[in-house]
$ cat run30.cif   # mmCIF, C-alpha atoms and all ligand atoms
data_final
loop_
_atom_site.label_atom_id
_atom_site.label_comp_id
_atom_site.auth_asym_id
_atom_site.auth_seq_id
_atom_site.Cartn_x
_atom_site.Cartn_y
_atom_site.Cartn_z
CA MET A 1390 8.52 9.16 39.55
CA THR A 1391 8.33 7.68 43.06
CA THR A 1392 8.44 10.11 45.95
CA PRO A 1393 11.55 9.54 48.08
CA THR A 1394 11.15 8.48 51.70
CA ILE A 1395 10.91 11.37 54.11
CA ARG A 1396 13.97 11.14 56.28
CA PHE A 1397 15.45 12.87 59.27
CA VAL A 1398 19.17 12.65 59.96
CA CYS A 1399 20.98 13.12 63.26
CA HIS A 1400 23.48 15.92 62.83
CA GLY A 1401 25.71 14.28 65.45
CA CYS A 1402 25.87 10.55 64.73
CA GLY A 1403 24.31 10.44 61.25
CA ALA A 1404 21.45 8.09 62.27
CA ILE A 1405 18.65 8.14 59.71
CA VAL A 1406 14.98 7.93 60.66
CA ASP A 1407 12.29 7.26 58.06
CA ALA A 1408 9.37 9.35 59.34
CA ALA A 1409 6.80 6.83 58.10
CA GLN A 1410 8.42 4.00 60.08
CA ALA A 1411 9.48 5.66 63.35
CA LEU A 1412 8.88 8.95 65.15
CA PRO A 1413 11.56 11.48 64.09
CA PHE A 1414 11.61 13.13 67.49
CA ARG A 1415 14.65 12.05 69.49
CA CYS A 1416 17.68 10.47 67.82
CA PRO A 1417 17.50 6.70 68.39
CA HIS A 1418 21.14 6.76 69.54
CA ALA A 1419 20.75 9.63 72.02
CA GLY A 1420 21.55 8.78 75.61
CA ALA A 1421 24.17 6.09 74.87
CA ALA A 1422 26.46 5.84 77.90
CA GLY A 1423 29.79 7.61 77.53
CA ASP A 1424 28.80 9.10 74.20
CA ASP A 1425 29.51 12.84 73.99
CA ILE A 1426 27.73 13.27 70.67
CA ASP A 1427 25.28 16.12 70.04
CA HIS A 1428 22.26 14.13 68.85
CA LEU A 1429 19.51 16.07 67.07
CA LEU A 1430 17.28 15.01 64.19
CA VAL A 1431 17.02 17.43 61.29
CA PRO A 1432 14.66 16.87 58.34
CA VAL A 1433 16.32 16.11 55.02
CA ASN A 1434 14.75 18.61 52.69
CA GLY A 1435 13.37 17.54 49.33
CA PRO A 1436 15.20 18.50 46.15
CA VAL A 1437 15.09 22.21 45.36
CA GLU A 1438 13.37 21.51 42.03
CA GLU A 1439 10.50 19.94 43.95
CA PHE A 1440 9.92 23.22 45.73
CA SER A 1441 10.94 25.96 43.35
CA ALA A 1442 7.78 25.45 41.33
CA GLN A 1443 6.00 26.39 44.56
CA ASN A 1444 7.75 29.72 44.76
CA ASP A 1445 4.38 31.29 44.24
CA PHE A 1446 2.59 29.97 47.29
CA GLY A 1447 -0.93 30.86 46.19
CA PRO A 1448 -3.70 32.45 48.22
CA ALA A 1449 -3.79 30.28 51.39
CA GLU A 1450 -3.47 32.39 54.54
CA ASN A 1451 -2.83 29.44 56.85
CA PRO A 1452 0.97 28.86 56.85
CA PHE A 1453 0.48 25.09 57.14
CA LEU A 1454 -1.45 25.18 53.88
CA ARG A 1455 0.57 27.92 52.24
CA TYR A 1456 3.97 26.26 52.77
CA ARG A 1457 2.76 22.66 52.69
CA SER A 1458 5.28 21.63 50.04
CA LEU A 1459 8.13 22.69 52.34
CA LEU A 1460 6.90 20.66 55.32
CA SER A 1461 7.86 17.05 55.95
CA PRO A 1462 4.47 16.08 57.52
CA TYR A 1463 2.87 17.02 54.19
CA ARG A 1464 5.50 15.08 52.29
CA VAL A 1465 4.95 12.06 54.56
CA ALA A 1466 1.22 12.32 53.80
CA ARG A 1467 1.70 12.48 50.05
CA ARG A 1468 4.19 9.65 50.02
CA ALA A 1469 1.62 7.57 51.92
CA ASN A 1470 -0.88 8.32 49.14
CA LEU A 1471 -3.00 10.78 51.09
CA SER A 1472 -4.30 13.39 48.69
CA ASP A 1473 -3.69 17.11 48.78
CA ALA A 1474 -7.36 17.46 49.77
CA ALA A 1475 -6.80 15.06 52.68
CA TRP A 1476 -4.01 17.34 53.97
CA GLU A 1477 -6.32 20.33 53.63
CA GLU A 1478 -8.93 18.50 55.63
CA ILE A 1479 -6.47 17.56 58.41
CA VAL A 1480 -5.21 21.15 58.66
CA GLY A 1481 -8.71 22.60 58.32
CA ARG A 1482 -10.24 20.43 61.07
CA LEU A 1483 -7.48 21.29 63.51
CA ASP A 1484 -7.80 24.94 62.59
CA ASP A 1485 -11.55 24.91 63.24
CA ALA A 1486 -10.90 23.28 66.61
CA LEU A 1487 -8.23 25.90 67.43
CA ILE A 1488 -10.72 28.65 66.67
CA ALA A 1489 -13.18 27.01 69.08
CA VAL A 1490 -10.55 26.50 71.82
CA ASP A 1491 -8.45 29.66 71.53
CA GLY A 1492 -10.43 32.10 69.41
CA GLY A 1493 -8.21 31.89 66.33
CA GLY A 1494 -6.34 29.55 64.03
CA PHE A 1495 -3.07 29.90 62.14
CA ARG A 1496 -2.84 32.82 59.71
CA VAL A 1497 0.18 34.64 58.29
CA THR A 1498 1.06 37.10 61.07
CA PRO A 1499 1.75 40.80 60.42
CA MET A 1500 5.20 42.24 59.84
CA ALA A 1501 5.94 45.92 59.30
CA VAL A 1502 8.69 48.50 59.43
CA GLN A 1503 8.48 50.37 62.76
CA PRO A 1504 10.04 53.79 62.04
CA ALA A 1505 9.51 55.32 65.51
CA LEU A 1506 11.02 52.33 67.27
CA GLY A 1507 13.88 52.18 64.76
CA GLN A 1508 14.63 55.84 65.33
CA SER A 1509 14.55 55.52 69.09
CA ILE A 1510 17.13 52.74 69.06
CA GLY A 1511 19.29 54.56 66.53
CA ILE A 1512 19.33 51.97 63.75
CA GLU A 1513 20.29 53.47 60.38
CA GLY A 1514 18.24 51.19 58.11
CA ALA A 1515 14.67 50.03 58.47
CA LEU A 1516 13.65 48.02 61.53
CA TRP A 1517 11.20 45.22 60.68
CA VAL A 1518 9.06 43.79 63.44
CA LYS A 1519 7.28 40.48 62.97
CA ASP A 1520 4.38 40.40 65.41
CA GLU A 1521 3.66 36.94 66.80
CA THR A 1522 1.68 38.13 69.82
CA GLY A 1523 -1.61 37.50 67.99
CA ASN A 1524 -0.66 33.99 66.93
CA VAL A 1525 -2.38 30.90 68.35
CA SER A 1526 -1.99 31.00 72.17
CA GLY A 1527 -0.17 34.35 71.94
CA SER A 1528 3.25 33.34 70.66
CA HIS A 1529 5.21 31.68 67.88
CA LYS A 1530 5.55 28.50 70.00
CA ALA A 1531 2.32 27.10 68.59
CA ARG A 1532 3.92 26.92 65.14
CA HIS A 1533 6.50 24.44 66.42
CA LEU A 1534 3.86 22.21 67.97
CA MET A 1535 1.35 22.43 65.13
CA GLY A 1536 4.02 20.90 62.86
CA ALA A 1537 4.36 17.99 65.29
CA MET A 1538 0.59 17.55 65.70
CA LEU A 1539 -0.01 17.53 61.95
CA TYR A 1540 2.57 14.79 61.63
CA LEU A 1541 0.80 12.72 64.33
CA ARG A 1542 -2.51 13.24 62.52
CA VAL A 1543 -0.99 12.14 59.22
CA LEU A 1544 0.38 8.97 60.83
CA LYS A 1545 -3.10 8.09 62.00
CA ALA A 1546 -4.87 9.01 58.77
CA ALA A 1547 -2.43 7.02 56.64
CA ARG A 1548 -2.10 4.19 59.20
CA LEU A 1549 1.67 4.33 59.02
CA PRO A 1550 3.86 2.03 61.17
CA ALA A 1551 5.27 5.02 63.12
CA GLY A 1552 1.75 5.74 64.33
CA GLU A 1553 0.94 2.31 65.70
CA ARG A 1554 -1.02 2.61 68.97
CA ILE A 1555 0.04 6.21 69.16
CA GLU A 1556 -3.31 7.48 70.39
CA ALA A 1557 -2.85 5.46 73.60
CA ARG A 1558 0.19 7.59 74.51
CA ARG A 1559 -0.11 10.93 76.31
CA LEU A 1560 1.72 14.04 75.12
CA ALA A 1561 4.34 15.60 77.44
CA ILE A 1562 6.08 18.96 77.69
CA ALA A 1563 8.41 20.71 80.16
CA SER A 1564 7.62 24.43 80.23
CA CYS A 1565 5.98 27.06 82.37
CA GLY A 1566 5.19 29.65 79.78
CA ASN A 1567 4.41 30.16 76.14
CA ALA A 1568 5.40 26.66 75.03
CA ALA A 1569 3.17 25.04 77.64
CA LEU A 1570 0.24 27.23 76.64
CA ALA A 1571 0.78 26.43 72.98
CA ALA A 1572 0.99 22.71 73.72
CA ALA A 1573 -2.17 22.82 75.83
CA VAL A 1574 -4.17 24.70 73.19
CA ILE A 1575 -3.11 22.38 70.39
CA ALA A 1576 -3.52 19.23 72.49
CA ARG A 1577 -7.02 20.38 73.46
CA ALA A 1578 -7.91 21.14 69.84
CA ALA A 1579 -6.68 17.67 68.87
CA ASN A 1580 -8.41 16.12 71.89
CA TRP A 1581 -5.14 14.49 72.97
CA PRO A 1582 -4.24 14.26 76.71
CA LEU A 1583 -1.22 16.29 77.80
CA ASP A 1584 1.17 16.28 80.80
CA VAL A 1585 2.90 19.56 81.60
CA PHE A 1586 5.94 19.66 83.92
CA ILE A 1587 6.27 23.09 85.52
CA PRO A 1588 8.48 24.73 88.20
CA PRO A 1589 6.99 25.83 91.56
CA ASP A 1590 7.20 29.52 90.59
CA ALA A 1591 5.14 29.22 87.38
CA SER A 1592 2.76 32.13 86.90
CA PRO A 1593 -0.64 31.41 88.51
CA GLU A 1594 -2.43 32.81 85.43
CA VAL A 1595 -0.58 30.40 83.15
CA VAL A 1596 -1.28 27.48 85.50
CA ALA A 1597 -4.98 28.39 85.63
CA ARG A 1598 -5.19 28.53 81.84
CA LEU A 1599 -3.36 25.20 81.51
CA LYS A 1600 -5.87 23.60 83.87
CA ASP A 1601 -8.69 25.23 82.01
CA LEU A 1602 -7.42 23.60 78.85
CA GLY A 1603 -7.44 20.20 80.52
CA ALA A 1604 -3.68 19.68 80.89
CA ARG A 1605 -2.42 17.49 83.76
CA ILE A 1606 0.17 19.44 85.74
CA THR A 1607 3.20 18.19 87.69
CA VAL A 1608 5.12 20.73 89.78
CA CYS A 1609 8.86 19.89 89.77
CA GLU A 1610 11.05 21.01 92.70
CA ARG A 1611 14.74 21.68 92.15
CA ASP A 1612 17.06 19.17 93.84
CA PRO A 1613 20.57 20.55 94.56
CA ALA A 1614 22.04 17.11 93.90
CA GLU A 1615 20.64 17.10 90.37
CA ALA A 1616 22.22 18.98 87.45
CA GLY A 1617 19.85 20.56 84.97
CA ASP A 1618 16.26 21.69 84.86
CA PRO A 1619 14.05 19.44 87.04
CA CYS A 1620 11.04 19.96 84.75
CA PHE A 1621 13.08 18.75 81.82
CA LEU A 1622 14.32 15.74 83.81
CA ARG A 1623 10.77 14.73 84.82
CA PHE A 1624 9.62 15.23 81.23
CA ARG A 1625 12.41 12.88 80.10
CA GLU A 1626 11.23 10.25 82.58
CA ALA A 1627 7.66 10.55 81.25
CA VAL A 1628 8.92 10.11 77.69
CA SER A 1629 10.98 7.05 78.70
CA ALA A 1630 7.78 5.64 80.16
CA GLY A 1631 5.99 6.07 76.81
CA ALA A 1632 4.78 9.68 76.53
CA ILE A 1633 5.15 11.48 73.19
CA PRO A 1634 7.60 14.40 73.48
CA PHE A 1635 5.44 17.41 72.65
CA GLY A 1636 7.89 20.15 73.55
CA VAL A 1637 10.03 22.55 71.60
CA GLN A 1638 13.50 21.36 72.56
CA GLY A 1639 14.99 20.24 69.27
CA SER A 1640 16.99 17.43 70.83
CA GLU A 1641 13.73 15.86 72.06
CA ASN A 1642 11.56 16.62 69.07
CA GLY A 1643 13.35 17.46 65.84
CA LEU A 1644 10.03 17.75 64.07
CA ALA A 1645 8.89 20.59 66.30
CA ILE A 1646 11.66 22.77 64.93
CA GLU A 1647 10.29 22.37 61.45
CA GLY A 1648 6.92 23.98 62.15
CA GLY A 1649 8.81 27.06 63.33
CA ARG A 1650 10.37 27.43 59.89
CA THR A 1651 7.04 28.80 58.67
CA LEU A 1652 7.92 32.01 60.51
CA ALA A 1653 10.98 32.49 58.30
CA PHE A 1654 9.01 31.62 55.16
CA GLU A 1655 6.45 34.30 56.01
CA MET A 1656 9.15 36.86 56.70
CA ALA A 1657 11.04 35.97 53.52
CA GLU A 1658 7.90 36.36 51.42
CA ALA A 1659 7.14 39.73 53.02
CA PHE A 1660 10.69 40.94 52.33
CA ARG A 1661 10.34 39.85 48.72
CA SER A 1662 7.02 41.67 48.34
CA ALA A 1663 8.61 44.84 49.74
CA GLY A 1664 11.67 44.42 47.50
CA GLN A 1665 13.87 44.50 50.61
CA ALA A 1666 16.51 42.21 52.07
CA PRO A 1667 17.34 42.89 55.73
CA ASP A 1668 20.98 42.41 56.65
CA ALA A 1669 20.37 40.72 59.97
CA VAL A 1670 17.77 39.15 62.19
CA PHE A 1671 18.25 39.67 65.93
CA VAL A 1672 16.67 36.81 67.82
CA GLN A 1673 16.18 36.03 71.50
CA VAL A 1674 17.44 32.57 72.44
CA GLY A 1675 16.44 30.22 75.25
CA GLY A 1676 16.36 26.54 74.33
CA GLY A 1677 17.25 27.52 70.77
CA ALA A 1678 14.26 26.22 68.79
CA LEU A 1679 13.24 29.65 67.53
CA ALA A 1680 16.70 30.64 66.29
CA SER A 1681 17.29 27.20 64.81
CA ALA A 1682 13.95 27.24 62.98
CA LEU A 1683 14.56 30.74 61.64
CA ALA A 1684 18.06 29.84 60.48
CA GLN A 1685 16.84 26.72 58.69
CA GLY A 1686 13.81 28.50 57.27
CA PHE A 1687 15.77 31.44 55.88
CA ALA A 1688 18.35 29.07 54.39
CA MET A 1689 15.55 27.17 52.64
CA ALA A 1690 13.90 30.42 51.51
CA ALA A 1691 17.22 31.47 49.95
CA ASN A 1692 17.66 28.02 48.43
CA VAL A 1693 14.33 28.05 46.68
CA GLY A 1694 14.77 31.65 45.58
CA ILE A 1695 12.27 33.55 47.76
CA ILE A 1696 15.13 35.74 48.99
CA THR A 1697 18.60 36.12 47.54
CA ARG A 1698 20.46 35.31 50.75
CA ALA A 1699 19.73 34.48 54.37
CA PRO A 1700 20.11 37.43 56.77
CA ARG A 1701 22.91 37.34 59.35
CA LEU A 1702 21.78 35.48 62.45
CA VAL A 1703 22.48 37.53 65.58
CA VAL A 1704 21.52 35.69 68.76
CA VAL A 1705 20.70 37.47 72.01
CA GLN A 1706 20.80 35.99 75.52
CA SER A 1707 20.42 37.46 78.98
CA ALA A 1708 23.59 38.04 81.03
CA GLY A 1709 22.21 35.85 83.81
CA CYS A 1710 21.99 32.76 81.63
CA SER A 1711 23.88 32.59 78.35
CA PRO A 1712 24.99 29.04 77.57
CA LEU A 1713 24.87 29.64 73.81
CA ASP A 1714 27.20 32.62 74.07
CA ARG A 1715 29.56 30.57 76.23
CA ALA A 1716 29.58 27.82 73.58
CA TRP A 1717 30.12 30.36 70.78
CA GLN A 1718 33.14 31.84 72.59
CA LEU A 1719 34.58 28.40 73.40
CA LEU A 1720 34.07 27.22 69.86
CA GLY A 1721 36.51 29.67 68.28
CA LYS A 1722 37.60 28.04 65.04
CA THR A 1723 36.77 24.47 66.09
CA GLU A 1724 35.26 22.48 63.24
CA LEU A 1725 31.59 21.80 63.82
CA ASN A 1726 31.86 18.07 63.23
CA VAL A 1727 34.47 17.97 66.01
CA ALA A 1728 32.16 19.95 68.28
CA ALA A 1729 29.32 17.56 67.41
CA HIS A 1730 31.38 14.73 68.90
CA HIS A 1731 32.51 16.62 72.01
CA ARG A 1732 29.30 18.30 73.11
CA SER A 1733 30.20 18.66 76.78
CA ARG A 1734 33.22 20.83 75.97
CA PHE A 1735 30.88 23.51 74.65
CA MET A 1736 27.38 23.00 76.04
CA TRP A 1737 26.40 22.07 79.59
CA PRO A 1738 23.69 23.24 81.98
CA TRP A 1739 24.13 26.80 83.25
CA GLU A 1740 25.21 26.55 86.86
CA SER A 1741 22.92 29.16 88.41
CA VAL A 1742 19.37 30.11 87.63
CA PRO A 1743 18.86 33.85 87.93
CA ALA A 1744 15.70 35.88 87.76
CA SER A 1745 15.19 38.01 84.67
CA VAL A 1746 12.44 40.10 83.14
CA ALA A 1747 13.02 37.89 80.10
CA HIS A 1748 12.21 34.73 82.07
CA GLY A 1749 11.23 32.80 78.94
CA ILE A 1750 14.84 32.60 77.76
CA LEU A 1751 16.39 31.26 80.96
CA ASP A 1752 16.79 27.69 79.70
CA ASP A 1753 19.71 25.94 81.39
CA GLU A 1754 20.93 24.70 78.02
CA THR A 1755 20.57 25.79 74.43
CA TYR A 1756 19.51 22.38 73.21
CA ASP A 1757 19.71 23.34 69.57
CA TRP A 1758 23.03 25.15 69.78
CA LEU A 1759 24.88 23.36 66.98
CA GLU A 1760 22.35 24.20 64.25
CA ILE A 1761 22.43 27.79 65.44
CA VAL A 1762 26.21 28.22 65.46
CA ARG A 1763 26.38 26.57 62.05
CA SER A 1764 24.06 29.22 60.71
CA MET A 1765 25.85 32.02 62.60
CA ARG A 1766 29.06 31.01 60.87
CA LEU A 1767 27.48 30.62 57.44
CA SER A 1768 25.60 33.91 57.61
CA GLY A 1769 28.35 35.97 59.30
CA GLY A 1770 26.26 36.26 62.45
CA ASN A 1771 27.16 37.04 66.02
CA SER A 1772 26.26 36.44 69.66
CA LEU A 1773 25.23 39.20 72.08
CA VAL A 1774 24.61 39.18 75.82
CA VAL A 1775 22.41 41.85 77.40
CA ASN A 1776 21.92 42.84 81.03
CA GLU A 1777 18.65 43.47 82.85
CA GLU A 1778 18.76 47.22 82.38
CA ILE A 1779 18.95 46.80 78.61
CA LEU A 1780 16.23 44.14 78.58
CA ILE A 1781 13.94 46.49 80.51
CA ARG A 1782 14.76 49.42 78.24
CA ALA A 1783 13.99 47.37 75.12
CA HIS A 1784 10.66 46.33 76.59
CA GLU A 1785 9.76 49.91 77.49
CA LEU A 1786 10.66 51.12 74.00
CA ALA A 1787 8.56 48.42 72.36
CA TRP A 1788 5.57 49.53 74.43
CA SER A 1789 6.08 53.26 73.96
CA GLN A 1790 6.97 53.20 70.24
CA THR A 1791 4.62 50.50 68.93
CA SER A 1792 1.14 49.28 69.74
CA ILE A 1793 2.26 45.68 70.26
CA HIS A 1794 1.65 44.31 73.77
CA VAL A 1795 4.67 42.08 73.84
CA SER A 1796 6.43 40.49 76.83
CA ALA A 1797 10.00 41.31 77.89
CA THR A 1798 11.08 37.86 76.72
CA GLY A 1799 9.71 38.75 73.32
CA THR A 1800 11.68 42.00 73.07
CA ALA A 1801 15.02 40.48 74.10
CA GLY A 1802 16.08 40.31 70.44
CA LEU A 1803 15.46 44.06 70.20
CA ALA A 1804 17.65 44.51 73.29
CA GLY A 1805 20.51 43.17 71.18
CA LEU A 1806 20.14 46.16 68.88
CA LEU A 1807 20.58 48.49 71.85
CA VAL A 1808 24.04 47.10 72.61
CA ASN A 1809 25.03 46.62 68.99
CA PRO A 1810 24.45 49.85 67.04
CA PHE A 1811 23.55 48.64 63.58
CA ARG A 1812 23.95 50.32 60.22
CA GLY A 1813 21.85 48.16 57.93
CA GLN A 1814 18.26 46.93 57.99
CA ALA A 1815 17.37 44.51 60.76
CA ALA A 1816 14.43 42.34 61.71
CA VAL A 1817 13.20 41.20 65.13
CA ILE A 1818 10.43 38.91 66.29
CA PHE A 1819 8.05 40.22 68.94
CA SER A 1820 6.54 37.10 70.43
CA GLY A 1821 4.66 36.24 73.62
CA VAL A 1822 1.80 38.56 74.43
CA ASP A 1823 2.37 40.34 77.78
CA ARG A 1824 0.26 38.61 80.43
C1 LIG E 1901 8.32 34.92 73.53
C2 LIG E 1901 9.48 34.02 73.38
N1 LIG E 1901 10.46 34.35 72.53
C3 LIG E 1901 11.52 33.55 72.40
C4 LIG E 1901 11.68 32.40 73.14
C5 LIG E 1901 12.91 31.61 72.96
O1 LIG E 1901 12.67 30.47 72.22
P1 LIG E 1901 13.62 29.23 72.30
O2 LIG E 1901 13.44 28.58 73.63
O3 LIG E 1901 13.14 28.40 71.19
O4 LIG E 1901 15.02 29.71 72.11
C6 LIG E 1901 10.68 32.02 74.03
C7 LIG E 1901 10.80 30.78 74.79
O5 LIG E 1901 10.08 30.50 75.70
C8 LIG E 1901 9.55 32.84 74.16
O6 LIG E 1901 8.55 32.54 75.01
#

$ encode --input "run30.cif" --output "structure tokens"
Amino acid sequence: MTTPTIRFVCHGCGAIVDAAQALPFRCPHAGAAGDDIDHLLVPVNGPVEEFSAQNDFGPAENPFLRYRSLLSPYRVARRANLSDAAWEEIVGRLDDALIAVDGGGFRVTPMAVQPALGQSIGIEGALWVKDETGNVSGSHKARHLMGAMLYLRVLKAARLPAGERIEARRLAIASCGNAALAAAVIARAANWPLDVFIPPDASPEVVARLKDLGARITVCERDPAEAGDPCFLRFREAVSAGAIPFGVQGSENGLAIEGGRTLAFEMAEAFRSAGQAPDAVFVQVGGGALASALAQGFAMAANVGIITRAPRLVVVQSAGCSPLDRAWQLLGKTELNVAAHHRSRFMWPWESVPASVAHGILDDETYDWLEIVRSMRLSGGNSLVVNEEILIRAHELAWSQTSIHVSATGTAGLAGLLVNPFRGQAAVIFSGVDR
């Protein structure tokens, strides 16, 4: 049997990208003048039969080894006749380098029921907390970018056309927080030069660490005449000039979303081991990569039989900046394929940029919004908006009722549970160690 090509499809225009021939990052038709299509490349999953045999994932503790059969970079490698051992070597070498650069590599992160926290927020069922604060660079963001880096490594190892002269191109990301740190750690481990576009008010500690890791930094001032995030605009210019998009906005790098699915696979396996099936996952949303990855990952986990059904996806944004909630309200009963062709009716840059304790979720746009609302509809999910007082309260409760040193951005999903008293079992993701 020949292995099928590993394809990504744009959920807006239907463009197909063969990941061995071209980078499946930005849709090749994105940016066409006058086109109001929501372009975003999503991996076409392999047939369920291909994966269900892998339902027992074996002993590997590194998620990029454990769930290899569910990852398109692995499938690209195998289709290009790289062996399973070659994949293990690629993952293992990067992991060793991550340990040297950041003190740890990728391992399945802990998840546990937190009874005291659950009680203090008044949830009736169990409250599961997945702790990503100990992950590479202190947050889940590194998962997204490890998926992208493994793909780049496979292109080189297999000498595929998509990887031609790729090592001459720098990596680029627009971020001032966890995503930038993740990109810098992984780029350093891979010995690949990185440009980071940051705002003037980026935290000095983060900037110092980025410099320490060898990233080249560009500070981007806001221009009142320009709509949208200036860091993102400068990042776009760098990519147009040849840089490789190494960020976590799905519209710029569809492959980055995929690495984040490993979070859902880990959670699904832990639920199965505990014989439990939470009713909902409450997730903080900024650019949307995390919620999109979780939604896709849980859907796949249900598809291959790890869990019986995907939990309801409840998204949480801050009152100061909630473009996804605005889109969700505007959407009403609109068909998603109609929305995909009229993006600007639903999603546009948030007009003002407020301050918030949850500063990591203040993205002007939810780039990945369509995949998220699709999953919200399918799973019977919902959208919640929380104010600063609630965000602060959630953060305080996380610190007083657990031993996890998580940031206020990382407890914004929990804040959703404070405004939405919940009867069943729920799960949240604590990500971003407090700095
Ligand atoms: C800790 C933490 N949680 C959640 C998010 C939101 O992720 P996304 O931008 O993918 O929606 C971020 C983004 O920076 C983050 O740092």

$ closest_residue --input "run30.cif" --among "A:Asp1520, A:Asp1584, A:Asp1668, A:Asp1714" --to "Thr1755 (chain A)" --atoms "only C-alpha atoms"
A:Asp1714

$ residues_near_point --input "run30.cif" --point "(19.7, 24.6, 83.9)" --cutoff "10 Å" --atoms "only C-alpha atoms" --output "list in words"
Glu1615, Ala1616, Gly1617, Asp1618, Pro1619, Cys1620, Phe1621, Cys1710, Pro1712, Trp1737, Pro1738, Trp1739, Glu1740, Ser1741, Val1742, Leu1751, Asp1752, Asp1753, Glu1754 and Thr1755 of chain A

$ closest_residue --input "run30.cif" --among "A:Asn1692, A:Asn1580, A:Asn1726, A:Ser1707" --to "ligand LIG 1901 (chain E)" --atoms "all atoms listed in the file"
A:Ser1707

$ residues_near_ligand --input "run30.cif" --ligand "ligand LIG 1901 (chain E)" --cutoff "8 Å" --atoms "all atoms listed in the file" --output "PyMOL selection string"
chain A and resi 1528-1530+1564+1566-1568+1637-1638+1672-1681+1748-1750+1752+1755+1796-1801+1818-1822

$ atom_distance --input "run30.cif" --atom1 "CA of Val1817 (chain A)" --atom2 "CA of Val1518 (chain A)"
5.2 Å

$ atom_distance --input "run30.cif" --atom1 "CA of Leu1803 (chain A)" --atom2 "CA of Asn1642 (chain A)"
27.7 Å

$ residues_around --input "run30.cif" --residues "Ala1804 (chain A)" --least-positions-apart "3" --cutoff "7 Å" --atoms "all atoms listed in the file" --output "list of chain:residue names"
A:Val1775, A:Ile1779, A:Leu1780, A:Ala1783, A:Thr1800, A:Ala1801, A:Leu1807, A:Val1808

$ closest_residue --input "run30.cif" --among "A:Ala1716, A:Ala1627, A:Val1525, A:Ala1573" --to "Gly1492 (chain A)" --atoms "all atoms listed in the file"
A:Val1525

$ atom_distance --input "run30.cif" --atom1 "CA of Phe1495 (chain A)" --atom2 "CA of Asn1451 (chain A)"
5.3 Å

$ residues_around --input "run30.cif" --residues "Arg1464 (chain A)" --least-positions-apart "5" --cutoff "9 Å" --atoms "only C-alpha atoms" --output "MDAnalysis selection string"
chainID A and resid 1392 1394:1395 1435 1457:1459 1469

$ closest_residue --input "run30.cif" --among "A:Arg1598, A:His1730, A:Arg1542, A:Arg1766" --to "Arg1824 (chain A)" --atoms "only C-alpha atoms"
A:Arg1598

$ closest_residue --input "run30.cif" --among "A:Ala1579, A:Leu1471, A:Leu1806, A:Leu1599" --to "Val1543 (chain A)" --atoms "only C-alpha atoms"
A:Leu1471

$ closest_residue --input "run30.cif" --among "A:Ala1546, A:Ala1666, A:Leu1412, A:Ala1729" --to "Asn1470 (chain A)" --atoms "only C-alpha atoms"
A:Ala1546

$ residues_near_point --input "run30.cif" --point "(-6.6, 18.2, 50.8)" --cutoff "12 Å" --atoms "only C-alpha atoms" --output "ChimeraX atom specification"
/A:1453-1454,1457,1463,1466-1467,1470-1482,1543

$ write_last_selection --input "run30.cif" --atoms "C-alpha atoms" --output "PDB file, in the frame of the given file"
ATOM      1  CA  PHE A1453       0.480  25.090  57.140  1.00  0.00           C
ATOM      2  CA  LEU A1454      -1.450  25.180  53.880  1.00  0.00           C
ATOM      3  CA  ARG A1457       2.760  22.660  52.690  1.00  0.00           C
ATOM      4  CA  TYR A1463       2.870  17.020  54.190  1.00  0.00           C
ATOM      5  CA  ALA A1466       1.220  12.320  53.800  1.00  0.00           C
ATOM      6  CA  ARG A1467       1.700  12.480  50.050  1.00  0.00           C
ATOM      7  CA  ASN A1470      -0.880   8.320  49.140  1.00  0.00           C
ATOM      8  CA  LEU A1471      -3.000  10.780  51.090  1.00  0.00           C
ATOM      9  CA  SER A1472      -4.300  13.390  48.690  1.00  0.00           C
ATOM     10  CA  ASP A1473      -3.690  17.110  48.780  1.00  0.00           C
ATOM     11  CA  ALA A1474      -7.360  17.460  49.770  1.00  0.00           C
ATOM     12  CA  ALA A1475      -6.800  15.060  52.680  1.00  0.00           C
ATOM     13  CA  TRP A1476      -4.010  17.340  53.970  1.00  0.00           C
ATOM     14  CA  GLU A1477      -6.320  20.330  53.630  1.00  0.00           C
ATOM     15  CA  GLU A1478      -8.930  18.500  55.630  1.00  0.00           C
ATOM     16  CA  ILE A1479      -6.470  17.560  58.410  1.00  0.00           C
ATOM     17  CA  VAL A1480      -5.210  21.150  58.660  1.00  0.00           C
ATOM     18  CA  GLY A1481      -8.710  22.600  58.320  1.00  0.00           C
ATOM     19  CA  ARG A1482     -10.240  20.430  61.070  1.00  0.00           C
ATOM     20  CA  VAL A1543      -0.990  12.140  59.220  1.00  0.00           C
TER      21      VAL A1543
END

$ residues_around --input "run30.cif" --residues "Val1727 (chain A)" --least-positions-apart "4" --cutoff "12 Å" --atoms "only C-alpha atoms" --output "VMD selection string"
chain A and resid 1400 to 1402 1425 to 1427 1720 1722 to 1723 1731 to 1735 1759

$ residues_around --input "run30.cif" --residues "Trp1517 (chain A)" --least-positions-apart "2" --cutoff "10 Å" --atoms "all atoms listed in the file" --output "VMD selection string"
chain A and resid 1500 to 1504 1506 to 1507 1514 to 1515 1519 to 1520 1656 1660 1667 1670 1814 to 1818
